[in-house]
$ cat model_38.txt   # compact mmCIF, N, CA and C atoms
# COMPACT_ATOMS: atom_id res chain seq x y z
N MET A 20 31.19 96.43 95.07
CA MET A 20 32.25 97.34 94.68
C MET A 20 32.90 97.98 95.90
N LYS A 21 32.07 98.37 96.89
CA LYS A 21 32.62 99.00 98.09
C LYS A 21 33.54 98.04 98.84
N LYS A 22 33.17 96.75 98.88
CA LYS A 22 34.00 95.76 99.57
C LYS A 22 35.35 95.61 98.89
N ILE A 23 35.37 95.66 97.58
CA ILE A 23 36.63 95.55 96.85
C ILE A 23 37.51 96.76 97.12
N VAL A 24 36.93 97.95 97.09
CA VAL A 24 37.69 99.17 97.38
C VAL A 24 38.24 99.13 98.80
N HIS A 25 37.42 98.70 99.76
CA HIS A 25 37.88 98.61 101.15
C HIS A 25 39.01 97.59 101.29
N LEU A 26 38.91 96.46 100.58
CA LEU A 26 39.95 95.44 100.62
C LEU A 26 41.26 95.97 100.04
N ILE A 27 41.17 96.72 98.94
CA ILE A 27 42.37 97.31 98.35
C ILE A 27 42.99 98.33 99.30
N ILE A 28 42.18 99.18 99.91
CA ILE A 28 42.70 100.19 100.83
C ILE A 28 43.36 99.53 102.03
N VAL A 29 42.73 98.54 102.63
CA VAL A 29 43.31 97.86 103.79
C VAL A 29 44.61 97.16 103.40
N SER A 30 44.63 96.51 102.24
CA SER A 30 45.85 95.82 101.79
C SER A 30 46.99 96.80 101.60
N LEU A 31 46.73 97.95 100.96
CA LEU A 31 47.79 98.92 100.75
C LEU A 31 48.26 99.56 102.05
N ILE A 32 47.34 99.77 103.00
CA ILE A 32 47.74 100.31 104.30
C ILE A 32 48.65 99.33 105.03
N ILE A 33 48.31 98.05 104.97
CA ILE A 33 49.16 97.03 105.60
C ILE A 33 50.53 97.01 104.94
N ILE A 34 50.55 97.05 103.60
CA ILE A 34 51.83 97.07 102.89
C ILE A 34 52.63 98.30 103.27
N LEU A 35 51.95 99.42 103.43
CA LEU A 35 52.64 100.67 103.78
C LEU A 35 53.17 100.65 105.20
N LEU A 36 52.42 100.10 106.15
CA LEU A 36 52.81 100.16 107.56
C LEU A 36 53.82 99.09 107.96
N LEU A 37 53.77 97.91 107.37
CA LEU A 37 54.69 96.85 107.76
C LEU A 37 56.16 97.24 107.59
N PRO A 38 56.57 97.77 106.46
CA PRO A 38 57.98 98.13 106.33
C PRO A 38 58.35 99.41 107.06
N SER A 39 57.37 100.15 107.59
CA SER A 39 57.71 101.40 108.26
C SER A 39 58.44 101.16 109.58
N LEU A 40 58.55 99.90 110.01
CA LEU A 40 59.34 99.59 111.19
C LEU A 40 60.83 99.76 110.91
N THR A 41 61.20 99.77 109.65
CA THR A 41 62.58 100.02 109.26
C THR A 41 62.69 101.46 108.76
N SER A 42 63.89 101.90 108.46
CA SER A 42 64.06 103.28 108.01
C SER A 42 63.62 103.44 106.55
N ALA A 43 63.29 104.66 106.18
CA ALA A 43 62.85 104.95 104.82
C ALA A 43 64.01 104.76 103.86
N THR A 44 63.73 104.21 102.69
CA THR A 44 64.78 104.05 101.69
C THR A 44 64.90 105.25 100.77
N GLU A 45 63.83 106.05 100.70
CA GLU A 45 63.93 107.26 99.88
C GLU A 45 63.02 108.34 100.45
N LEU A 46 63.54 109.55 100.48
CA LEU A 46 62.76 110.74 100.81
C LEU A 46 63.01 111.74 99.69
N SER A 47 61.95 112.38 99.21
CA SER A 47 62.16 113.35 98.14
C SER A 47 61.15 114.48 98.24
N ILE A 48 61.50 115.55 97.59
CA ILE A 48 60.65 116.72 97.45
C ILE A 48 60.54 116.98 95.96
N PHE A 49 59.34 117.32 95.49
CA PHE A 49 59.17 117.49 94.05
C PHE A 49 58.26 118.68 93.75
N ALA A 50 58.37 119.17 92.53
CA ALA A 50 57.50 120.24 92.02
C ALA A 50 57.14 119.88 90.59
N GLY A 51 55.96 120.32 90.18
CA GLY A 51 55.56 119.99 88.82
C GLY A 51 54.29 120.69 88.43
N THR A 52 53.67 120.16 87.37
CA THR A 52 52.42 120.71 86.88
C THR A 52 51.39 119.59 86.74
N GLU A 53 50.15 119.94 87.05
CA GLU A 53 49.02 119.03 86.88
C GLU A 53 48.04 119.68 85.92
N ASN A 54 47.28 118.87 85.21
CA ASN A 54 46.23 119.38 84.33
C ASN A 54 46.74 120.42 83.34
N GLY A 55 47.95 120.28 82.90
CA GLY A 55 48.47 121.19 81.88
C GLY A 55 48.82 122.58 82.34
N GLY A 56 49.16 122.79 83.61
CA GLY A 56 49.60 124.10 84.03
C GLY A 56 49.40 124.45 85.48
N GLU A 57 48.64 123.66 86.22
CA GLU A 57 48.45 123.94 87.64
C GLU A 57 49.72 123.55 88.40
N LYS A 58 50.23 124.47 89.20
CA LYS A 58 51.47 124.26 89.95
C LYS A 58 51.22 123.35 91.14
N VAL A 59 52.12 122.37 91.34
CA VAL A 59 51.99 121.43 92.45
C VAL A 59 53.35 121.23 93.11
N LEU A 60 53.34 121.06 94.42
CA LEU A 60 54.54 120.82 95.22
C LEU A 60 54.23 119.65 96.15
N GLY A 61 55.21 118.78 96.39
CA GLY A 61 54.90 117.63 97.23
C GLY A 61 56.08 117.00 97.93
N LEU A 62 55.75 116.12 98.87
CA LEU A 62 56.72 115.32 99.61
C LEU A 62 56.44 113.85 99.32
N TYR A 63 57.50 113.05 99.22
CA TYR A 63 57.36 111.64 98.85
C TYR A 63 58.33 110.82 99.69
N GLY A 64 57.90 109.65 100.08
CA GLY A 64 58.78 108.72 100.78
C GLY A 64 58.42 107.30 100.41
N ASN A 65 59.43 106.42 100.33
CA ASN A 65 59.12 105.02 100.14
C ASN A 65 59.98 104.15 101.03
N TRP A 66 59.46 102.97 101.34
CA TRP A 66 60.09 102.04 102.25
C TRP A 66 60.22 100.70 101.57
N GLY A 67 61.46 100.21 101.43
CA GLY A 67 61.69 98.95 100.73
C GLY A 67 61.31 97.75 101.57
N PHE A 68 60.57 96.81 100.95
CA PHE A 68 60.27 95.56 101.64
C PHE A 68 60.66 94.35 100.81
N LEU A 69 60.98 94.52 99.54
CA LEU A 69 61.55 93.50 98.68
C LEU A 69 62.68 94.16 97.89
N PRO A 70 63.59 93.39 97.29
CA PRO A 70 64.75 94.01 96.64
C PRO A 70 64.43 95.13 95.66
N PHE A 71 63.41 94.97 94.82
CA PHE A 71 63.11 95.99 93.83
C PHE A 71 61.76 96.66 94.04
N ILE A 72 61.05 96.31 95.10
CA ILE A 72 59.70 96.82 95.31
C ILE A 72 59.62 97.54 96.64
N SER A 73 58.93 98.67 96.66
CA SER A 73 58.78 99.48 97.87
C SER A 73 57.33 99.93 98.01
N SER A 74 56.93 100.17 99.25
CA SER A 74 55.66 100.85 99.47
C SER A 74 55.95 102.34 99.51
N GLU A 75 54.97 103.16 99.19
CA GLU A 75 55.22 104.58 99.09
C GLU A 75 54.07 105.38 99.69
N GLY A 76 54.41 106.58 100.10
CA GLY A 76 53.43 107.54 100.58
C GLY A 76 53.76 108.90 100.01
N GLU A 77 52.73 109.69 99.73
CA GLU A 77 52.94 110.98 99.09
C GLU A 77 51.92 111.99 99.59
N TYR A 78 52.38 113.22 99.77
CA TYR A 78 51.50 114.36 100.06
C TYR A 78 51.81 115.41 99.00
N SER A 79 50.78 115.97 98.38
CA SER A 79 51.02 117.03 97.41
C SER A 79 49.99 118.15 97.60
N TYR A 80 50.38 119.34 97.21
CA TYR A 80 49.54 120.52 97.34
C TYR A 80 49.52 121.24 95.99
N ASN A 81 48.33 121.47 95.47
CA ASN A 81 48.14 122.16 94.21
C ASN A 81 47.91 123.64 94.51
N TYR A 82 48.84 124.50 94.10
CA TYR A 82 48.76 125.93 94.39
C TYR A 82 47.68 126.65 93.60
N THR A 83 47.28 126.10 92.48
CA THR A 83 46.26 126.75 91.66
C THR A 83 44.86 126.49 92.20
N THR A 84 44.54 125.22 92.49
CA THR A 84 43.20 124.86 92.96
C THR A 84 43.11 124.78 94.48
N LEU A 85 44.23 124.86 95.18
CA LEU A 85 44.33 124.74 96.64
C LEU A 85 43.90 123.36 97.14
N ASN A 86 43.99 122.34 96.28
CA ASN A 86 43.66 120.97 96.67
C ASN A 86 44.88 120.29 97.27
N LYS A 87 44.62 119.39 98.23
CA LYS A 87 45.66 118.56 98.84
C LYS A 87 45.39 117.12 98.47
N SER A 88 46.45 116.36 98.22
CA SER A 88 46.31 114.95 97.89
C SER A 88 47.17 114.12 98.83
N PHE A 89 46.61 113.00 99.25
CA PHE A 89 47.31 112.03 100.07
C PHE A 89 47.22 110.69 99.34
N ALA A 90 48.34 110.01 99.13
CA ALA A 90 48.33 108.77 98.36
C ALA A 90 49.26 107.74 98.98
N ILE A 91 48.89 106.48 98.84
CA ILE A 91 49.76 105.37 99.20
C ILE A 91 49.78 104.40 98.03
N GLY A 92 50.87 103.69 97.89
CA GLY A 92 50.97 102.77 96.77
C GLY A 92 52.21 101.92 96.83
N VAL A 93 52.54 101.37 95.68
CA VAL A 93 53.68 100.48 95.52
C VAL A 93 54.52 101.00 94.36
N SER A 94 55.83 100.94 94.51
CA SER A 94 56.72 101.36 93.42
C SER A 94 57.81 100.32 93.24
N GLY A 95 58.36 100.31 92.05
CA GLY A 95 59.47 99.41 91.74
C GLY A 95 60.49 100.14 90.91
N LYS A 96 61.76 99.81 91.13
CA LYS A 96 62.82 100.45 90.35
C LYS A 96 63.88 99.42 90.01
N PHE A 97 64.61 99.72 88.97
CA PHE A 97 65.71 98.86 88.52
C PHE A 97 66.90 99.76 88.24
N LYS A 98 67.93 99.69 89.07
CA LYS A 98 69.08 100.59 88.96
C LYS A 98 70.07 100.07 87.93
N ILE A 99 70.41 100.95 86.99
CA ILE A 99 71.39 100.66 85.96
C ILE A 99 72.44 101.76 86.00
N SER A 100 73.58 101.50 86.63
CA SER A 100 74.66 102.48 86.76
C SER A 100 74.16 103.74 87.47
N PHE A 101 74.14 104.88 86.78
CA PHE A 101 73.70 106.14 87.38
C PHE A 101 72.21 106.38 87.21
N PHE A 102 71.53 105.50 86.51
CA PHE A 102 70.12 105.68 86.20
C PHE A 102 69.27 104.59 86.84
N ALA A 103 68.04 104.93 87.16
CA ALA A 103 67.10 103.96 87.71
C ALA A 103 65.70 104.28 87.21
N PRO A 104 65.22 103.55 86.19
CA PRO A 104 63.83 103.73 85.80
C PRO A 104 62.92 103.19 86.90
N PHE A 105 61.78 103.82 87.10
CA PHE A 105 60.86 103.36 88.13
C PHE A 105 59.42 103.41 87.63
N ALA A 106 58.59 102.59 88.28
CA ALA A 106 57.15 102.56 88.00
C ALA A 106 56.44 102.63 89.34
N ARG A 107 55.21 103.15 89.33
CA ARG A 107 54.45 103.29 90.57
C ARG A 107 52.96 103.20 90.30
N ALA A 108 52.23 102.74 91.33
CA ALA A 108 50.77 102.65 91.24
C ALA A 108 50.22 102.69 92.66
N GLY A 109 48.99 103.18 92.80
CA GLY A 109 48.40 103.23 94.13
C GLY A 109 47.05 103.92 94.13
N ILE A 110 46.62 104.27 95.34
CA ILE A 110 45.32 104.92 95.55
C ILE A 110 45.51 106.14 96.44
N GLY A 111 44.52 107.02 96.47
CA GLY A 111 44.61 108.18 97.32
C GLY A 111 43.33 108.97 97.42
N LEU A 112 43.42 110.07 98.15
CA LEU A 112 42.31 110.99 98.33
C LEU A 112 42.77 112.39 97.98
N ARG A 113 41.90 113.12 97.26
CA ARG A 113 42.16 114.53 96.97
C ARG A 113 41.12 115.33 97.73
N ALA A 114 41.57 116.30 98.52
CA ALA A 114 40.67 117.10 99.34
C ALA A 114 40.64 118.53 98.82
N GLU A 115 39.43 119.03 98.61
CA GLU A 115 39.28 120.43 98.21
C GLU A 115 39.42 121.31 99.44
N GLU A 116 39.96 122.50 99.27
CA GLU A 116 40.21 123.42 100.38
C GLU A 116 38.91 123.79 101.09
N PHE A 117 38.91 123.74 102.41
CA PHE A 117 37.78 124.13 103.26
C PHE A 117 36.51 123.33 102.97
N SER A 118 36.65 122.06 102.60
CA SER A 118 35.46 121.27 102.30
C SER A 118 35.69 119.83 102.72
N TYR A 119 35.05 119.40 103.79
CA TYR A 119 35.17 118.00 104.21
C TYR A 119 34.36 117.09 103.30
N SER A 120 33.32 117.62 102.69
CA SER A 120 32.54 116.81 101.76
C SER A 120 33.20 116.74 100.39
N GLY A 121 34.26 117.48 100.19
CA GLY A 121 34.94 117.52 98.91
C GLY A 121 36.08 116.53 98.80
N LEU A 122 35.93 115.33 99.36
CA LEU A 122 36.96 114.29 99.23
C LEU A 122 36.70 113.48 97.97
N HIS A 123 37.75 113.27 97.20
CA HIS A 123 37.64 112.52 95.96
C HIS A 123 38.65 111.38 95.97
N PHE A 124 38.16 110.16 95.77
CA PHE A 124 39.01 108.97 95.69
C PHE A 124 39.63 108.89 94.30
N PHE A 125 40.89 108.50 94.20
CA PHE A 125 41.53 108.31 92.90
C PHE A 125 42.49 107.13 92.97
N TYR A 126 42.83 106.62 91.81
CA TYR A 126 43.93 105.68 91.71
C TYR A 126 44.88 106.24 90.66
N TYR A 127 46.14 105.80 90.73
CA TYR A 127 47.14 106.38 89.84
C TYR A 127 48.11 105.31 89.36
N ILE A 128 48.75 105.62 88.25
CA ILE A 128 49.82 104.79 87.70
C ILE A 128 50.80 105.75 87.03
N GLY A 129 52.07 105.43 87.13
CA GLY A 129 53.05 106.34 86.56
C GLY A 129 54.43 105.72 86.52
N GLY A 130 55.38 106.53 86.17
CA GLY A 130 56.76 106.08 86.09
C GLY A 130 57.68 107.25 85.81
N GLY A 131 58.95 106.94 85.75
CA GLY A 131 59.92 108.00 85.50
C GLY A 131 61.34 107.47 85.55
N LEU A 132 62.27 108.39 85.77
CA LEU A 132 63.68 108.06 85.76
C LEU A 132 64.40 108.83 86.87
N LYS A 133 65.26 108.12 87.59
CA LYS A 133 66.12 108.75 88.59
C LYS A 133 67.53 108.84 88.03
N PHE A 134 68.22 109.91 88.36
CA PHE A 134 69.62 110.08 88.00
C PHE A 134 70.41 110.28 89.27
N TYR A 135 71.33 109.37 89.57
CA TYR A 135 72.14 109.42 90.79
C TYR A 135 73.35 110.31 90.56
N MET A 136 73.43 111.41 91.33
CA MET A 136 74.58 112.30 91.28
C MET A 136 75.65 111.83 92.27
N ALA A 137 75.23 111.07 93.28
CA ALA A 137 76.08 110.45 94.28
C ALA A 137 75.40 109.13 94.62
N PRO A 138 76.06 108.23 95.37
CA PRO A 138 75.43 106.94 95.66
C PRO A 138 74.07 107.01 96.35
N LEU A 139 73.81 108.06 97.13
CA LEU A 139 72.55 108.14 97.86
C LEU A 139 71.76 109.41 97.58
N PHE A 140 72.11 110.14 96.53
CA PHE A 140 71.49 111.44 96.26
C PHE A 140 71.33 111.61 94.76
N GLY A 141 70.26 112.28 94.34
CA GLY A 141 70.11 112.52 92.92
C GLY A 141 68.86 113.30 92.55
N LEU A 142 68.58 113.29 91.26
CA LEU A 142 67.43 113.97 90.69
C LEU A 142 66.47 112.94 90.13
N LYS A 143 65.18 113.27 90.13
CA LYS A 143 64.20 112.38 89.54
C LYS A 143 63.17 113.17 88.75
N ALA A 144 62.59 112.53 87.75
CA ALA A 144 61.53 113.12 86.95
C ALA A 144 60.54 112.01 86.62
N GLY A 145 59.28 112.38 86.53
CA GLY A 145 58.29 111.36 86.24
C GLY A 145 56.98 111.93 85.73
N LEU A 146 56.14 111.02 85.30
CA LEU A 146 54.80 111.33 84.83
C LEU A 146 53.84 110.37 85.51
N THR A 147 52.79 110.90 86.10
CA THR A 147 51.78 110.09 86.77
C THR A 147 50.41 110.45 86.23
N VAL A 148 49.59 109.43 85.96
CA VAL A 148 48.23 109.63 85.49
C VAL A 148 47.28 109.29 86.64
N PHE A 149 46.41 110.23 86.99
CA PHE A 149 45.44 110.06 88.07
C PHE A 149 44.06 109.85 87.45
N ASN A 150 43.30 108.93 88.03
CA ASN A 150 41.97 108.64 87.53
C ASN A 150 40.97 108.74 88.67
N GLU A 151 40.13 109.75 88.61
CA GLU A 151 39.02 109.90 89.56
C GLU A 151 37.75 109.46 88.86
N LYS A 152 36.68 109.42 89.59
CA LYS A 152 35.40 109.00 89.01
C LYS A 152 34.97 109.91 87.88
N SER A 153 35.17 111.21 88.05
CA SER A 153 34.66 112.17 87.08
C SER A 153 35.72 112.75 86.14
N ARG A 154 37.01 112.48 86.38
CA ARG A 154 38.03 113.07 85.51
C ARG A 154 39.34 112.29 85.56
N VAL A 155 40.13 112.49 84.54
CA VAL A 155 41.46 111.90 84.43
C VAL A 155 42.43 113.06 84.19
N TYR A 156 43.54 113.09 84.92
CA TYR A 156 44.52 114.15 84.73
C TYR A 156 45.92 113.60 84.98
N ASN A 157 46.93 114.29 84.49
CA ASN A 157 48.30 113.85 84.68
C ASN A 157 49.12 114.90 85.39
N ARG A 158 50.23 114.41 85.94
CA ARG A 158 51.19 115.28 86.63
C ARG A 158 52.58 114.97 86.09
N PHE A 159 53.26 116.00 85.63
CA PHE A 159 54.67 115.89 85.29
C PHE A 159 55.43 116.56 86.42
N TYR A 160 56.47 115.92 86.94
CA TYR A 160 57.19 116.47 88.08
C TYR A 160 58.68 116.18 88.00
N VAL A 161 59.45 117.03 88.66
CA VAL A 161 60.89 116.85 88.85
C VAL A 161 61.18 117.09 90.33
N GLY A 162 62.22 116.45 90.82
CA GLY A 162 62.55 116.63 92.23
C GLY A 162 63.94 116.13 92.56
N ILE A 163 64.27 116.28 93.83
CA ILE A 163 65.53 115.74 94.35
C ILE A 163 65.20 114.67 95.36
N PHE A 164 66.09 113.69 95.51
CA PHE A 164 65.85 112.60 96.46
C PHE A 164 67.13 112.25 97.20
N ILE A 165 66.93 111.66 98.36
CA ILE A 165 68.03 111.11 99.16
C ILE A 165 67.59 109.73 99.61
N GLU A 166 68.47 108.78 99.52
CA GLU A 166 68.19 107.43 99.99
C GLU A 166 68.96 107.18 101.28
N ILE A 167 68.26 106.58 102.22
CA ILE A 167 68.87 106.36 103.53
C ILE A 167 69.09 104.88 103.74

$ encode --input "model_38.txt" --output "structure tokens"
Amino acid sequence: MKKIVHLIIVSLIIILLLPSLTSATELSIFAGTENGGEKVLGLYGNWGFLPFISSEGEYSYNYTTLNKSFAIGVSGKFKISFFAPFARAGIGLRAEEFSYSGLHFFYYIGGGLKFYMAPLFGLKAGLTVFNEKSRVYNRFYVGIFIEI
């Protein structure tokens, strides 16, 4: 099991780093709720390496529990006029405040919808489900994005 997890982590890191030689295709800031009411704020970026598929990286901070999350993954979107539905999946670590032994591995899957207010700027909303060894929780979020 450990070898499979290590292989997945190495594969996603390679996917994340290879396209980083080019400029980011999306940068966004978001706010939302986790676990039915915990406030969360985060930064998100993705880098396109295929026409509809991008690698992604995310940092989020939960103001209620003081936990920080770092995640990498893959996302895909399909733009239809002013709208773009998207899906995402990946892995990450959640760190409890002031605790190096409090690292928790998780994987996630989610999706949402982007609304383009201009060709490179807009609003996004989504729902992501996180699965840790001991618990499952979701995050609903809204944010603004810019594509470069």

$ closest_residue --input "model_38.txt" --among "A:Gly109, A:Gly64, A:Glu57, A:Pro138" --to "Tyr126 of chain A" --atoms "all atoms listed in the file"
A:Gly109

$ residues_around --input "model_38.txt" --residues "Phe89 of chain A" --least-positions-apart "3" --cutoff "8 Å" --atoms "only N, CA and C atoms" --output "list in words"
Gly76, Glu77, Tyr78, Ser79, Tyr80, Asn86, Ile110, Gly111, Leu112, Arg113 and Ala114 of chain A

$ closest_residue --input "model_38.txt" --among "A:Arg107, A:Arg158, A:Lys152, A:Lys96" --to "Phe124 of chain A" --atoms "only C-alpha atoms"
A:Lys152

$ closest_residue --input "model_38.txt" --among "A:Ala108, A:Ile99, A:Ala50, A:Leu122" --to "Ser73 of chain A" --atoms "only C-alpha atoms"
A:Ala108

$ atom_distance --input "model_38.txt" --atom1 "atom C of Lys58 of chain A" --atom2 "atom CA of Phe97 of chain A"
28.6 Å

$ residues_near_point --input "model_38.txt" --point "(69.1, 112.2, 98.9)" --cutoff "6 Å" --atoms "all atoms listed in the file" --output "ChimeraX atom specification"
/A:139-141,163-166

$ select_by_dssp --input "model_38.txt" --residues "chain A" --states "strand (DSSP E)" --output "ChimeraX atom specification"
/A:45-53,57-67,72-81,87-96,102-114,122-137,140-151,155-165

$ atom_distance --input "model_38.txt" --atom1 "atom C of Gly121 of chain A" --atom2 "atom CA of Ser74 of chain A"
25.1 Å

$ atom_distance --input "model_38.txt" --atom1 "atom CA of Gly131 of chain A" --atom2 "atom CA of Thr44 of chain A"
17.4 Å

$ residues_around --input "model_38.txt" --residues "Leu60 of chain A" --least-positions-apart "5" --cutoff "10 Å" --atoms "only C-alpha atoms" --output "PDB file with N, CA and C atoms, keeping the file's coordinate frame"
ATOM      1  N   ILE A  48      61.500 115.550  97.590  1.00  0.00           N
ATOM      2  CA  ILE A  48      60.650 116.720  97.450  1.00  0.00           C
ATOM      3  C   ILE A  48      60.540 116.980  95.960  1.00  0.00           C
ATOM      4  N   PHE A  49      59.340 117.320  95.490  1.00  0.00           N
ATOM      5  CA  PHE A  49      59.170 117.490  94.050  1.00  0.00           C
ATOM      6  C   PHE A  49      58.260 118.680  93.750  1.00  0.00           C
ATOM      7  N   ALA A  50      58.370 119.170  92.530  1.00  0.00           N
ATOM      8  CA  ALA A  50      57.500 120.240  92.020  1.00  0.00           C
ATOM      9  C   ALA A  50      57.140 119.880  90.590  1.00  0.00           C
ATOM     10  N   GLY A  51      55.960 120.320  90.180  1.00  0.00           N
ATOM     11  CA  GLY A  51      55.560 119.990  88.820  1.00  0.00           C
ATOM     12  C   GLY A  51      54.290 120.690  88.430  1.00  0.00           C
ATOM     13  N   THR A  52      53.670 120.160  87.370  1.00  0.00           N
ATOM     14  CA  THR A  52      52.420 120.710  86.880  1.00  0.00           C
ATOM     15  C   THR A  52      51.390 119.590  86.740  1.00  0.00           C
ATOM     16  N   TYR A  78      52.380 113.220  99.770  1.00  0.00           N
ATOM     17  CA  TYR A  78      51.500 114.360 100.060  1.00  0.00           C
ATOM     18  C   TYR A  78      51.810 115.410  99.000  1.00  0.00           C
ATOM     19  N   SER A  79      50.780 115.970  98.380  1.00  0.00           N
ATOM     20  CA  SER A  79      51.020 117.030  97.410  1.00  0.00           C
ATOM     21  C   SER A  79      49.990 118.150  97.600  1.00  0.00           C
ATOM     22  N   TYR A  80      50.380 119.340  97.210  1.00  0.00           N
ATOM     23  CA  TYR A  80      49.540 120.520  97.340  1.00  0.00           C
ATOM     24  C   TYR A  80      49.520 121.240  95.990  1.00  0.00           C
ATOM     25  N   ASN A  81      48.330 121.470  95.470  1.00  0.00           N
ATOM     26  CA  ASN A  81      48.140 122.160  94.210  1.00  0.00           C
ATOM     27  C   ASN A  81      47.910 123.640  94.510  1.00  0.00           C
ATOM     28  N   TYR A  82      48.840 124.500  94.100  1.00  0.00           N
ATOM     29  CA  TYR A  82      48.760 125.930  94.390  1.00  0.00           C
ATOM     30  C   TYR A  82      47.680 126.650  93.600  1.00  0.00           C
ATOM     31  N   LYS A  87      44.620 119.390  98.230  1.00  0.00           N
ATOM     32  CA  LYS A  87      45.660 118.560  98.840  1.00  0.00           C
ATOM     33  C   LYS A  87      45.390 117.120  98.470  1.00  0.00           C
ATOM     34  N   TYR A 160      56.470 115.920  86.940  1.00  0.00           N
ATOM     35  CA  TYR A 160      57.190 116.470  88.080  1.00  0.00           C
ATOM     36  C   TYR A 160      58.680 116.180  88.000  1.00  0.00           C
ATOM     37  N   VAL A 161      59.450 117.030  88.660  1.00  0.00           N
ATOM     38  CA  VAL A 161      60.890 116.850  88.850  1.00  0.00           C
ATOM     39  C   VAL A 161      61.180 117.090  90.330  1.00  0.00           C
ATOM     40  N   GLY A 162      62.220 116.450  90.820  1.00  0.00           N
ATOM     41  CA  GLY A 162      62.550 116.630  92.230  1.00  0.00           C
ATOM     42  C   GLY A 162      63.940 116.130  92.560  1.00  0.00           C
TER      43      GLY A 162
END

$ residues_near_point --input "model_38.txt" --point "(61.8, 104.1, 85.2)" --cutoff "5 Å" --atoms "all atoms listed in the file" --output "PyMOL selection string"
chain A and resi 103-106+131-132

$ write_last_selection --input "model_38.txt" --atoms "N, CA and C atoms" --output "CSV table (one decimal), keeping the file's coordinate frame"
chain,number,residue,atom,x,y,z
A,103,ALA,N,68.0,104.9,87.2
A,103,ALA,CA,67.1,104.0,87.7
A,103,ALA,C,65.7,104.3,87.2
A,104,PRO,N,65.2,103.6,86.2
A,104,PRO,CA,63.8,103.7,85.8
A,104,PRO,C,62.9,103.2,86.9
A,105,PHE,N,61.8,103.8,87.1
A,105,PHE,CA,60.9,103.4,88.1
A,105,PHE,C,59.4,103.4,87.6
A,106,ALA,N,58.6,102.6,88.3
A,106,ALA,CA,57.2,102.6,88.0
A,106,ALA,C,56.4,102.6,89.3
A,131,GLY,N,59.0,106.9,85.8
A,131,GLY,CA,59.9,108.0,85.5
A,131,GLY,C,61.3,107.5,85.6
A,132,LEU,N,62.3,108.4,85.8
A,132,LEU,CA,63.7,108.1,85.8
A,132,LEU,C,64.4,108.8,86.9

$ closest_residue --input "model_38.txt" --among "A:Glu115, A:Tyr63, A:Ser47, A:Glu53" --to "Leu85 of chain A" --atoms "only N, CA and C atoms"
A:Glu115

$ closest_residue --input "model_38.txt" --among "A:Val155, A:Gly92, A:Phe102, A:Phe68" --to "Phe134 of chain A" --atoms "only N, CA and C atoms"
A:Phe102

$ closest_residue --input "model_38.txt" --among "A:Gly61, A:Gly95, A:Gly145, A:Gly56" --to "Lys133 of chain A" --atoms "only C-alpha atoms"
A:Gly145

$ select_by_dssp --input "model_38.txt" --residues "chain A" --states "helix (DSSP H, G or I)" --output "list in words"
Lys21, Lys22, Ile23, Val24, His25, Leu26, Ile27, Ile28, Val29, Ser30, Leu31, Ile32, Ile33, Ile34, Leu35, Leu36, Leu37, Pro38, Ser39 and Leu40 of chain A
